[in-house]
Amino acid sequence: MLLVWLYGVMVVGAVSRSVVQIATEFDKAPLAYSLSAVAGVVYGFITYSLVRGGETARRAALVCCAAELAGVLVVGTWTLAEPSAFPDATVWSDYGMGYLFIPVLLPVTALFWLRRARTAARG
């Protein structure tokens, strides 16, 4: 339940941030704002999958969490290696530092929980 709640908070944070930024200052940092919108969509899909439940939804959430973690690592590294490409931060900048590193911790926790839930269901 906590995992669903945290993903729900991230949906609201990422989507609302990106909508405002895209609507008011898209020309300032289109890549950063677009990536924040993508993060919000990914968070939304994961939240939906976790709420829906079932093996198919669990597998979809597992794949999306792995993709989310890869995105956080790639974007986080990119923002550190080439800060000029990001005149403004994304949700995943600096591995989610602006969000207390929740964007990097959340998919790791979710992957662990989803794999553990599968093992428990089989056992």
# chains A, B, ... in the order shown; residues from 1 in each chain; ligands from 1

$ closest_atom_pairs --of "range 29-113 of chain A" --to "range 8-25 of chain A" --cutoff "8 Å" --atoms "only C-alpha atoms" --output "Markdown table"
| residue | atom | partner | partner_atom | distance |
| --- | --- | --- | --- | --- |
| A:Ala29 | CA | A:Glu25 | CA | 7.5 |
| A:Pro30 | CA | A:Ile22 | CA | 7.5 |
| A:Tyr33 | CA | A:Ser18 | CA | 5.5 |
| A:Ser34 | CA | A:Ser18 | CA | 7.1 |
| A:Ser36 | CA | A:Ser18 | CA | 5.6 |
| A:Ala37 | CA | A:Ser18 | CA | 5.2 |
| A:Ala39 | CA | A:Ala14 | CA | 6.6 |
| A:Gly40 | CA | A:Ala14 | CA | 4.7 |
| A:Val41 | CA | A:Val11 | CA | 7.3 |
| A:Tyr43 | CA | A:Val11 | CA | 5.3 |
| A:Gly44 | CA | A:Val11 | CA | 5.5 |
| A:Thr47 | CA | A:Gly8 | CA | 6.2 |
| A:Val91 | CA | A:Ala14 | CA | 6.5 |

$ select_by_dssp --residues "chain A" --states "alpha helix (DSSP H)" --output "PyMOL selection string"
chain A and resi 2-25+30-52+55-81+102-122

$ closest_residue --among "A:Leu62, A:Ala117, A:Ala110, A:Ala70" --to "Leu3 in chain A" --atoms "only C-alpha atoms"
A:Ala110

$ closest_residue --among "A:Leu114, A:Ile46, A:Ala66, A:Leu6" --to "Ile102 in chain A" --atoms "only C-alpha atoms"
A:Leu6

$ closest_residue --among "A:Tyr95, A:Trp113, A:Phe45, A:Phe86" --to "Met1 in chain A" --atoms "only C-alpha atoms"
A:Trp113

$ atom_distance --atom1 "CA of Leu106 in chain A" --atom2 "CA of Cys65 in chain A"
8.6 Å

$ residues_around --residues "Val104 in chain A" --least-positions-apart "3" --cutoff "8 Å" --atoms "only C-alpha atoms" --output "PyMOL selection string"
chain A and resi 69+72-73+92+95-96+101+107-108

$ decode --residues "range 31-68 of chain A" --atoms "C-alpha atoms" --output "PDB file, in the first residue's frame"
ATOM      1  CA  LEU A  31      14.235  18.256 -23.027  1.00  0.00           C
ATOM      2  CA  ALA A  32      14.035  18.554 -19.245  1.00  0.00           C
ATOM      3  CA  TYR A  33      10.319  19.322 -19.218  1.00  0.00           C
ATOM      4  CA  SER A  34       9.518  16.561 -21.681  1.00  0.00           C
ATOM      5  CA  LEU A  35      11.486  14.043 -19.615  1.00  0.00           C
ATOM      6  CA  SER A  36       9.567  15.109 -16.495  1.00  0.00           C
ATOM      7  CA  ALA A  37       6.317  14.474 -18.382  1.00  0.00           C
ATOM      8  CA  VAL A  38       7.554  11.025 -19.435  1.00  0.00           C
ATOM      9  CA  ALA A  39       8.471  10.288 -15.810  1.00  0.00           C
ATOM     10  CA  GLY A  40       4.940  11.249 -14.750  1.00  0.00           C
ATOM     11  CA  VAL A  41       3.403   8.909 -17.336  1.00  0.00           C
ATOM     12  CA  VAL A  42       5.676   6.055 -16.240  1.00  0.00           C
ATOM     13  CA  TYR A  43       4.757   6.670 -12.592  1.00  0.00           C
ATOM     14  CA  GLY A  44       1.091   6.682 -13.550  1.00  0.00           C
ATOM     15  CA  PHE A  45       1.318   3.366 -15.377  1.00  0.00           C
ATOM     16  CA  ILE A  46       3.185   1.747 -12.496  1.00  0.00           C
ATOM     17  CA  THR A  47       0.614   3.054 -10.006  1.00  0.00           C
ATOM     18  CA  TYR A  48      -2.216   1.679 -12.148  1.00  0.00           C
ATOM     19  CA  SER A  49      -0.484  -1.705 -12.469  1.00  0.00           C
ATOM     20  CA  LEU A  50       0.105  -1.954  -8.729  1.00  0.00           C
ATOM     21  CA  VAL A  51      -3.522  -1.077  -7.957  1.00  0.00           C
ATOM     22  CA  ARG A  52      -4.914  -3.419 -10.599  1.00  0.00           C
ATOM     23  CA  GLY A  53      -3.043  -6.436  -9.284  1.00  0.00           C
ATOM     24  CA  GLY A  54      -2.785  -9.852 -10.868  1.00  0.00           C
ATOM     25  CA  GLU A  55       0.143 -11.569 -12.525  1.00  0.00           C
ATOM     26  CA  THR A  56      -0.048  -9.671 -15.827  1.00  0.00           C
ATOM     27  CA  ALA A  57      -0.156  -6.311 -14.068  1.00  0.00           C
ATOM     28  CA  ARG A  58       2.691  -7.392 -11.780  1.00  0.00           C
ATOM     29  CA  ARG A  59       4.838  -8.294 -14.790  1.00  0.00           C
ATOM     30  CA  ALA A  60       3.986  -4.992 -16.506  1.00  0.00           C
ATOM     31  CA  ALA A  61       4.905  -3.106 -13.336  1.00  0.00           C
ATOM     32  CA  LEU A  62       8.147  -5.059 -13.108  1.00  0.00           C
ATOM     33  CA  VAL A  63       9.123  -4.104 -16.669  1.00  0.00           C
ATOM     34  CA  CYS A  64       8.129  -0.460 -16.120  1.00  0.00           C
ATOM     35  CA  CYS A  65      10.047  -0.243 -12.840  1.00  0.00           C
ATOM     36  CA  ALA A  66      13.145  -1.634 -14.568  1.00  0.00           C
ATOM     37  CA  ALA A  67      12.703   0.948 -17.359  1.00  0.00           C
ATOM     38  CA  GLU A  68      12.146   3.661 -14.746  1.00  0.00           C
TER      39      GLU A  68
END
